[in-house]
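Participant: My structure is stored as upload.csv, with CSV, C-alpha atoms.
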chain,number,residue,atom,x,y,z
O,1,MET,CA,-5.1,90.7,-5.7
O,2,ASP,CA,-7.7,88.2,-6.9
O,3,GLU,CA,-11.3,88.7,-6.1
O,4,GLN,CA,-11.5,85.4,-4.3
O,5,GLU,CA,-8.6,86.3,-1.9
O,6,LEU,CA,-10.2,89.8,-1.3
O,7,ALA,CA,-13.5,88.2,-0.4
O,8,SER,CA,-11.9,85.7,2.0
O,9,GLU,CA,-10.1,88.6,3.8
O,10,THR,CA,-13.2,90.7,4.2
O,11,GLN,CA,-15.3,87.7,5.4
O,12,ALA,CA,-12.8,86.7,8.1
O,13,PRO,CA,-14.2,87.8,11.6
O,14,ALA,CA,-12.0,89.8,14.0
O,15,GLU,CA,-10.3,87.7,16.7
O,16,ARG,CA,-10.8,90.2,19.6
O,17,VAL,CA,-12.7,93.3,20.3
O,18,PRO,CA,-11.7,95.7,23.1
O,19,ARG,CA,-13.5,95.4,26.4
O,20,SER,CA,-15.2,98.7,26.0
O,21,MET,CA,-17.1,97.3,23.0
O,22,SER,CA,-19.2,94.9,25.1
O,23,PRO,CA,-22.9,94.8,24.3
O,24,VAL,CA,-25.8,95.0,26.6
O,25,LEU,CA,-27.3,91.8,27.9
O,26,GLY,CA,-30.9,90.9,27.1
O,27,SER,CA,-31.0,91.5,23.4
O,28,SER,CA,-33.6,89.8,21.2
O,29,GLU,CA,-30.9,87.7,19.4
O,30,PHE,CA,-30.3,85.3,22.3
O,31,ILE,CA,-28.6,82.0,21.2
O,32,ASN,CA,-29.6,79.1,23.4
O,33,SER,CA,-26.4,76.9,23.3
O,34,ALA,CA,-22.7,77.3,22.6
O,35,ASN,CA,-22.8,74.9,19.8
O,36,SER,CA,-25.6,76.7,17.9
O,37,ARG,CA,-23.8,80.0,18.6
O,38,ARG,CA,-20.5,78.8,17.0
O,39,LEU,CA,-22.5,77.4,14.0
O,40,GLN,CA,-24.3,80.6,13.5
O,41,GLN,CA,-21.0,82.6,13.6
O,42,ALA,CA,-19.4,80.2,11.1
O,43,ARG,CA,-22.2,80.5,8.6
O,44,SER,CA,-22.6,84.3,8.8
O,45,PRO,CA,-19.8,86.5,7.4
O,46,SER,CA,-20.6,89.3,9.8
O,47,ARG,CA,-21.7,89.1,13.5
O,48,LEU,CA,-25.1,90.2,14.7
O,49,SER,CA,-25.5,93.6,16.2
O,50,ALA,CA,-26.8,94.4,19.6
O,51,ASN,CA,-30.2,95.5,18.3
O,52,GLY,CA,-30.8,92.2,16.6
O,53,GLY,CA,-30.2,93.2,12.9
O,54,GLY,CA,-27.3,93.1,10.5
O,55,GLY,CA,-25.1,95.9,9.3
O,56,LYS,CA,-23.7,98.5,11.6
O,57,ASN,CA,-23.5,97.8,15.3
O,58,LYS,CA,-24.5,100.0,18.2
O,59,ARG,CA,-22.2,101.7,20.7
O,60,PHE,CA,-21.1,98.5,22.3
O,61,GLY,CA,-20.0,96.8,19.1
O,62,SER,CA,-20.6,93.3,18.0
O,63,PRO,CA,-22.7,91.1,20.4
O,64,GLY,CA,-20.3,88.2,20.1
O,65,MET,CA,-17.6,89.7,22.2
O,66,GLY,CA,-17.7,90.7,25.9
O,67,ASN,CA,-21.1,89.2,26.6
O,68,PRO,CA,-21.8,85.5,27.6
O,69,MET,CA,-25.3,85.7,26.3
O,70,TYR,CA,-24.0,86.1,22.8
O,71,GLY,CA,-21.1,83.7,22.9
O,72,SER,CA,-18.5,85.7,24.8
O,73,ASP,CA,-15.3,84.1,25.9
O,74,LYS,CA,-14.6,86.6,28.7
O,75,VAL,CA,-16.6,88.5,31.3
O,76,THR,CA,-14.9,91.6,32.9
O,77,PHE,CA,-15.5,92.5,36.5
O,78,LEU,CA,-14.6,95.8,38.1
O,79,VAL,CA,-13.4,95.2,41.6
O,80,GLU,CA,-11.9,98.0,43.7
O,81,GLY,CA,-11.0,99.8,40.5
O,82,SER,CA,-9.2,96.8,38.9
O,83,ARG,CA,-10.5,94.8,36.0
O,84,VAL,CA,-10.6,91.0,36.2
O,85,SER,CA,-11.5,88.9,33.1
O,86,VAL,CA,-13.1,85.6,33.7
O,87,ASP,CA,-14.1,82.9,31.2
O,88,ALA,CA,-17.9,82.9,30.9
O,89,GLU,CA,-18.1,79.2,30.5
O,90,LEU,CA,-16.1,78.8,33.7
O,91,LEU,CA,-18.8,80.8,35.6
O,92,GLY,CA,-21.5,78.8,33.9
O,93,SER,CA,-20.0,75.6,35.2
O,94,GLN,CA,-21.4,76.4,38.6
O,95,PRO,CA,-25.0,77.3,37.9
O,96,ASP,CA,-26.0,77.1,41.6
O,97,THR,CA,-23.9,80.1,42.5
O,98,MET,CA,-24.9,83.7,42.0
O,99,LEU,CA,-22.3,84.4,39.3
O,100,GLY,CA,-23.3,81.1,37.6
O,101,LYS,CA,-26.9,82.2,37.5
O,102,MET,CA,-26.0,85.6,36.2
O,103,PHE,CA,-23.9,84.4,33.3
O,104,CYS,CA,-25.2,80.9,32.6
O,105,LEU,CA,-26.4,80.6,29.0
O,106,SER,CA,-29.7,79.0,29.9
O,107,SER,CA,-30.4,81.2,32.9
O,108,VAL,CA,-33.3,83.7,32.8
O,109,GLU,CA,-31.6,85.9,35.4
O,110,GLY,CA,-28.8,86.5,32.9
O,111,ARG,CA,-31.1,88.4,30.6
O,112,LEU,CA,-31.6,91.0,33.2
O,113,THR,CA,-28.0,91.6,33.9
O,114,ARG,CA,-26.6,94.9,32.6
O,115,PRO,CA,-22.9,96.0,32.4
O,116,ASN,CA,-21.8,99.6,32.8
O,117,GLU,CA,-21.0,101.9,29.8
O,118,ASP,CA,-17.6,100.3,29.4
O,119,GLY,CA,-19.0,96.7,29.4
O,120,ASP,CA,-17.7,95.9,32.9
O,121,TYR,CA,-19.7,94.4,35.8
O,122,THR,CA,-19.0,96.2,39.1
O,123,LEU,CA,-18.8,94.2,42.3
O,124,LYS,CA,-19.1,96.3,45.5
O,125,GLY,CA,-18.4,95.1,49.0
O,126,ILE,CA,-15.8,92.5,48.0
O,127,SER,CA,-12.1,93.2,48.0
O,128,LEU,CA,-9.9,92.2,45.1
O,129,ASP,CA,-8.0,89.6,47.1
O,130,VAL,CA,-11.1,88.0,48.3
O,131,PHE,CA,-12.6,87.9,44.7
O,132,ARG,CA,-9.4,86.1,43.5
O,133,CYS,CA,-9.9,83.5,46.2
O,134,VAL,CA,-13.6,83.1,45.1
O,135,LEU,CA,-12.6,82.5,41.5
O,136,GLY,CA,-10.6,79.5,42.7
O,137,TYR,CA,-13.8,77.7,43.4
O,138,TYR,CA,-14.8,77.9,39.7
O,139,LYS,CA,-11.5,76.5,38.6
O,140,SER,CA,-10.8,73.7,41.1
O,141,ALA,CA,-13.7,73.8,43.6
O,142,ILE,CA,-11.2,74.9,46.2
O,143,MET,CA,-10.6,78.5,47.5
O,144,ASP,CA,-7.0,79.0,48.7
O,145,CYS,CA,-7.1,81.8,51.3
O,146,PRO,CA,-3.7,83.6,51.7
O,147,PRO,CA,-2.6,84.7,55.2
O,148,HIS,CA,-3.4,88.4,54.5
O,149,VAL,CA,-7.1,87.6,53.6
O,150,SER,CA,-9.5,87.4,56.5
O,151,ILE,CA,-11.5,84.2,56.8
O,152,ARG,CA,-14.4,86.3,58.0
O,153,ASP,CA,-14.3,88.4,54.8
O,154,LEU,CA,-14.1,85.3,52.7
O,155,ARG,CA,-17.1,83.8,54.6
O,156,GLU,CA,-19.2,86.9,53.9
O,157,ALA,CA,-18.3,86.9,50.2
O,158,CYS,CA,-19.3,83.2,50.0
O,159,ASP,CA,-22.6,83.9,51.6
O,160,TYR,CA,-23.2,86.8,49.2
O,161,LEU,CA,-22.2,84.9,46.1
O,162,LEU,CA,-24.0,81.6,47.2
O,163,LEU,CA,-20.8,79.6,47.4
O,164,PRO,CA,-20.4,76.7,49.8
O,165,PHE,CA,-18.2,77.4,52.8
O,166,ASN,CA,-16.9,74.2,54.4
O,167,GLU,CA,-13.7,72.2,55.1
O,168,LYS,CA,-13.7,70.8,51.6
O,169,THR,CA,-13.9,74.2,49.7
O,170,ILE,CA,-11.6,76.3,52.0
O,171,ARG,CA,-7.9,75.8,52.2
O,172,CYS,CA,-6.0,78.1,54.6
O,173,ASN,CA,-3.3,78.1,57.4
O,174,ASP,CA,-5.5,80.0,59.9
O,175,TYR,CA,-7.2,77.0,61.5
O,176,CYS,CA,-8.5,79.0,64.4
O,177,ALA,CA,-10.6,81.3,62.2
O,178,LEU,CA,-11.8,78.5,60.0
O,179,LEU,CA,-12.9,76.3,62.9
O,180,HIS,CA,-14.6,79.3,64.4
O,181,GLU,CA,-16.8,79.8,61.4
O,182,LEU,CA,-17.5,76.0,61.1
O,183,SER,CA,-18.4,76.0,64.8
O,184,ASN,CA,-20.9,78.8,64.2
O,185,ASP,CA,-22.5,76.8,61.4
O,186,GLY,CA,-22.7,73.7,63.6
O,187,ALA,CA,-24.1,75.7,66.6
O,188,LYS,CA,-26.8,77.3,64.5
O,189,GLU,CA,-27.9,74.0,63.0
O,190,LEU,CA,-27.9,72.4,66.4
O,191,PHE,CA,-29.8,75.1,68.2
O,192,GLU,CA,-32.5,75.3,65.4
O,193,SER,CA,-33.2,71.6,66.1
O,194,PHE,CA,-33.3,72.3,69.9
O,195,LEU,CA,-35.6,75.2,69.3
O,196,SER,CA,-38.2,73.3,67.3
O,197,ASP,CA,-38.1,70.1,69.4
O,198,GLN,CA,-37.7,71.2,73.0
O,199,ILE,CA,-37.9,75.0,73.4
O,200,ARG,CA,-40.9,75.9,71.1
O,201,PRO,CA,-43.3,73.5,72.9
O,202,VAL,CA,-42.5,75.2,76.2
O,203,MET,CA,-43.2,78.6,74.7
O,204,VAL,CA,-46.5,77.4,73.3
O,205,GLN,CA,-47.5,76.0,76.7
O,206,CYS,CA,-46.7,79.4,78.3
O,207,ALA,CA,-48.7,81.2,75.6
O,208,LYS,CA,-51.8,79.0,76.2
O,209,ARG,CA,-51.7,80.1,79.9
O,210,GLY,CA,-51.9,83.7,78.8
O,211,ASP,CA,-48.3,84.6,79.5
O,212,ARG,CA,-46.5,87.0,77.2
O,213,GLU,CA,-42.9,85.8,77.9
O,214,CYS,CA,-41.2,82.8,79.4
O,215,HIS,CA,-38.1,82.0,81.4
O,216,ILE,CA,-36.6,78.6,80.7
O,217,VAL,CA,-33.8,76.9,82.8
O,218,PHE,CA,-31.9,74.0,81.3
O,219,LEU,CA,-30.9,71.3,83.7
O,220,CYS,CA,-28.9,68.2,83.3
O,221,GLU,CA,-30.8,65.0,83.0
O,222,ASP,CA,-29.2,63.7,86.3
O,223,ASP,CA,-29.9,66.9,88.3
O,224,VAL,CA,-32.0,66.1,91.4
O,225,VAL,CA,-34.4,68.9,92.5
O,226,GLU,CA,-36.3,68.4,95.8
O,227,TRP,CA,-38.1,71.4,97.1
O,228,ASP,CA,-39.8,71.5,100.4
O,229,PRO,CA,-43.6,71.7,99.7
O,230,ASP,CA,-44.1,73.8,102.9
O,231,HIS,CA,-41.1,76.1,102.2
O,232,PRO,CA,-40.6,76.6,98.5
O,233,PRO,CA,-37.9,78.9,97.2
O,234,SER,CA,-38.7,82.6,97.8
O,235,SER,CA,-37.1,84.1,94.7
O,236,GLY,CA,-39.8,83.1,92.2
O,237,GLU,CA,-38.2,80.0,90.8
O,238,GLU,CA,-41.5,78.2,90.9
O,239,TYR,CA,-42.6,80.2,87.9
O,240,TYR,CA,-39.6,79.1,85.8
O,241,GLU,CA,-39.9,76.6,83.1
O,242,VAL,CA,-37.5,73.7,83.2
O,243,VAL,CA,-36.1,71.7,80.3
O,244,ARG,CA,-33.9,68.7,81.2
O,245,CYS,CA,-31.3,68.2,78.5
O,246,THR,CA,-27.7,67.6,79.2
O,247,GLN,CA,-26.8,68.4,75.6
O,248,LEU,CA,-28.4,71.9,75.8
O,249,TYR,CA,-26.6,72.5,79.1
O,250,ARG,CA,-23.3,71.8,77.4
O,251,PHE,CA,-24.3,73.9,74.4
O,252,PHE,CA,-25.0,77.0,76.4
O,253,LYS,CA,-21.7,76.8,78.3
O,254,TYR,CA,-20.0,78.7,75.5
O,255,VAL,CA,-20.5,82.4,75.1
O,256,GLU,CA,-20.2,82.0,71.3
O,257,ASN,CA,-23.0,79.5,71.2
O,258,ARG,CA,-25.2,81.9,73.2
O,259,ASP,CA,-24.5,84.6,70.6
O,260,VAL,CA,-25.5,82.3,67.8
O,261,ALA,CA,-28.7,81.3,69.7
O,262,LYS,CA,-29.6,85.0,70.1
O,263,ASP,CA,-29.3,85.6,66.4
O,264,VAL,CA,-31.6,82.6,65.7
O,265,LEU,CA,-34.2,83.9,68.2
O,266,ARG,CA,-34.0,87.3,66.6
O,267,GLU,CA,-34.7,85.7,63.2
O,268,ARG,CA,-37.8,84.2,64.7
O,269,SER,CA,-38.9,87.8,65.7
O,270,LEU,CA,-38.8,87.1,69.4
O,271,LYS,CA,-38.4,90.1,71.9
O,272,LYS,CA,-36.6,90.8,75.2
O,273,ILE,CA,-34.0,88.1,74.6
O,274,ARG,CA,-31.7,87.4,77.5
O,275,MET,CA,-29.3,84.4,78.0
O,276,GLY,CA,-26.8,83.5,80.6
O,277,ILE,CA,-26.0,81.3,83.5
O,278,GLU,CA,-27.7,81.7,86.9
O,279,GLY,CA,-28.3,79.8,90.1
O,280,TYR,CA,-31.2,77.3,90.4
O,281,PRO,CA,-32.3,75.9,93.7
O,282,THR,CA,-32.1,72.1,94.1
O,283,HIS,CA,-32.9,71.3,97.8
O,284,MET,CA,-33.4,73.0,101.1
O,285,GLU,CA,-30.5,73.1,103.4
O,286,LYS,CA,-31.9,74.8,106.5
O,287,LEU,CA,-34.5,77.0,108.0
O,288,ARG,CA,-33.5,80.0,110.1
O,289,ARG,CA,-35.4,82.5,112.0
O,290,ARG,CA,-34.7,86.2,111.5
O,291,PRO,CA,-33.6,88.1,114.5
O,292,ASN,CA,-36.3,90.1,116.3
O,293,SER,CA,-38.9,88.6,114.0
O,294,ASP,CA,-41.3,85.6,113.9
O,295,ARG,CA,-40.7,85.0,110.2
O,296,THR,CA,-38.5,82.1,109.0
O,297,GLU,CA,-36.0,82.2,106.1
O,298,VAL,CA,-35.4,79.3,103.8
O,299,VAL,CA,-31.9,78.5,102.7
O,300,TYR,CA,-31.6,76.5,99.5
O,301,ASN,CA,-28.6,74.9,97.7
O,302,TYR,CA,-28.1,76.4,94.2
O,303,ILE,CA,-26.4,75.1,91.1
O,304,GLN,CA,-25.3,77.1,88.1
O,305,ARG,CA,-27.4,76.3,85.0
O,306,PRO,CA,-28.0,78.2,81.7
O,307,PHE,CA,-31.3,80.0,81.0
O,308,VAL,CA,-33.1,81.7,78.2
O,309,HIS,CA,-35.6,84.5,78.7
O,310,CYS,CA,-37.7,85.8,75.8
O,311,GLY,CA,-41.1,87.4,74.9
O,312,TRP,CA,-43.3,87.7,71.9
O,313,GLU,CA,-45.0,91.0,72.4
O,314,VAL,CA,-43.8,94.4,71.1
O,315,GLU,CA,-42.9,96.6,74.0
O,316,GLU,CA,-45.0,99.8,73.7
O,317,ALA,CA,-43.5,103.2,74.4
O,318,ARG,CA,-44.4,104.5,77.9
O,319,SER,CA,-46.6,107.5,78.0
O,320,ARG,CA,-45.1,110.7,79.3
O,321,HIS,CA,-48.6,112.3,79.9
O,322,VAL,CA,-49.2,113.6,83.4
O,323,ASP,CA,-52.7,113.2,84.6
O,324,PHE,CA,-53.5,116.1,86.9
O,325,GLN,CA,-56.2,115.4,89.4
O,326,CYS,CA,-58.6,118.2,90.1
O,327,VAL,CA,-59.3,118.5,93.8
O,328,LYS,CA,-62.7,119.8,94.6
O,329,PRO,CA,-62.2,122.8,97.0
O,330,LYS,CA,-64.0,122.7,100.3
O,331,PRO,CA,-66.9,125.1,100.9
O,332,GLY,CA,-65.9,128.4,102.2
O,333,LEU,CA,-62.3,128.3,100.9
O,334,THR,CA,-61.1,130.4,98.0
O,335,PRO,CA,-58.7,128.5,95.7
O,336,ASP,CA,-55.3,130.1,95.2
O,337,PRO,CA,-54.3,129.9,91.5
O,338,GLU,CA,-50.6,130.4,92.3
O,339,ALA,CA,-50.6,127.6,94.8
O,340,ALA,CA,-52.4,125.3,92.4
O,341,TYR,CA,-49.8,126.0,89.7
O,342,LEU,CA,-46.9,125.2,92.0
O,343,LEU,CA,-48.6,122.0,93.2
O,344,ALA,CA,-49.1,120.9,89.6
O,345,GLY,CA,-45.4,121.5,88.8
O,346,ASP,CA,-44.3,119.4,91.8
O,347,MET,CA,-46.6,116.6,90.7
O,348,ALA,CA,-45.2,116.7,87.2
O,349,ALA,CA,-41.6,116.6,88.5
O,350,GLU,CA,-42.4,113.6,90.7
O,351,GLN,CA,-44.0,111.8,87.8
O,352,GLN,CA,-40.9,112.3,85.6
O,353,GLU,CA,-38.6,111.0,88.3
O,354,ALA,CA,-40.8,108.0,88.7
O,355,ASP,CA,-40.6,107.3,84.9
Please rewrite the model in this file as structure tokens.
Facilitator:
Amino acid sequence: MDEQELASETQAPAERVPRSMSPVLGSSEFINSANSRRLQQARSPSRLSANGGGGKNKRFGSPGMGNPMYGSDKVTFLVEGSRVSVDAELLGSQPDTMLGKMFCLSSVEGRLTRPNEDGDYTLKGISLDVFRCVLGYYKSAIMDCPPHVSIRDLREACDYLLLPFNEKTIRCNDYCALLHELSNDGAKELFESFLSDQIRPVMVQCAKRGDRECHIVFLCEDDVVEWDPDHPPSSGEEYYEVVRCTQLYRFFKYVENRDVAKDVLRERSLKKIRMGIEGYPTHMEKLRRRPNSDRTEVVYNYIQRPFVHCGWEVEEARSRHVDFQCVKPKPGLTPDPEAAYLLAGDMAAEQQEAD
């Protein structure tokens, strides 16, 4: 064989290296673009090693294979014990997603990513079927959800991987589950606007009065409330805050919307959150006198309206300490230690029952 043919065979790079030979991300020989990477590989007869020099490579082999930071064509994920190979450039086409940020060539986060000893990237908390649906977004911007995959699981995976979840990116046959998730998104966005525009000012007004919590009732805009000034309602409704908004009344009719609103209030670190529907007095119907008494009782007409109750102070733990009062004995009487001990035990038991 001629020396020229022998040199050409020795200079030809290998087409594929096994997955287990993937290098560690973050080496000093980082190539900024795919074009410069290919040009560097074409000029050099041997690939760069993982430690940045020529000659023999480290444990993970040549840096050009199995690593997107060094011009890899494939990235291998380990999901539920199964290996899934994905084109690195395909992931980098969506730089706003988590996987796109991890494996984009110009991303700083990618330099901190480390595979396992076999060169695989392990994904925990995501099933294999859900991950296959997620990969559809990188290929066609649409995730096809098969019937055996839960929409809720796909939604959680999209939130974790920073993927958009809407009617344009999800294609499935379970309209009920899809519309439920979309309704939750819409309810959260709508309640956040209600909270900042109408509910928060009422909370601030209560706080300026020195209150530590507030009870807000949502009335319709056409509700008529006429209380008798001489005989107001006797159940404490005069201390309630009232917000007239028909849209909020319709919003709180659904139990699912109330659950979403509770989550939003918890995110704002509010305490003692209660929501529901209760009766609210509108006008007095009659006065009646109690039998065998001179007191009169007011009867009001009530309508069912939603309410929100919340506070902003941390509830302190109640003290279990029993304060024993020392009774000064009368002159001439000798205190009985046994009787005093029994009396203290009875007082402690009564205190515990009261708590």
Participant: Skip Tyr137 (chain O) itself and residues of its chain fewer than 2 positions away, then list as a list in words all residues within 10 Å of it, counting all atoms listed in the file.
Facilitator: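 What passes the distance filter is Leu91, Gln94, Arg132, Cys133, Val134, Leu135, Lys139, Ser140, Ala141, Ile142, Met143, Asp144, Leu163, Pro164, Thr169 and Ile170 of chain O.
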Participant: Tell me which of O:Lys101, O:Val243, O:Lys168, O:Gly276 sits closest to Val255 (chain O), counting all atoms listed in the file.
Facilitator: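 Between O:Lys101, O:Val243, O:Lys168, O:Gly276, the residue approaching Val255 (chain O) most closely is O:Gly276.
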Participant: May I ask which of the residues O:Asn166, O:Thr296, O:Ser93, O:Gln198 is the closest one to Leu182 (chain O), counting all atoms listed in the file?
Facilitator: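 Counting all atoms listed in the file, the residue closest to Leu182 (chain O) is O:Asn166.
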Participant: Have a look at CA of Tyr302 (chain O) and CA of Gln247 (chain O) and let me know their distance in Å, one decimal.
Facilitator: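 The value is 20.3 Å.
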Participant: Mind giving me the straight-line distance from CA of Ile303 (chain O) to CA of Gly279 (chain O) in Å, one decimal?
Facilitator: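 CA of Gly279 (chain O) lies 5.2 Å from CA of Ile303 (chain O).
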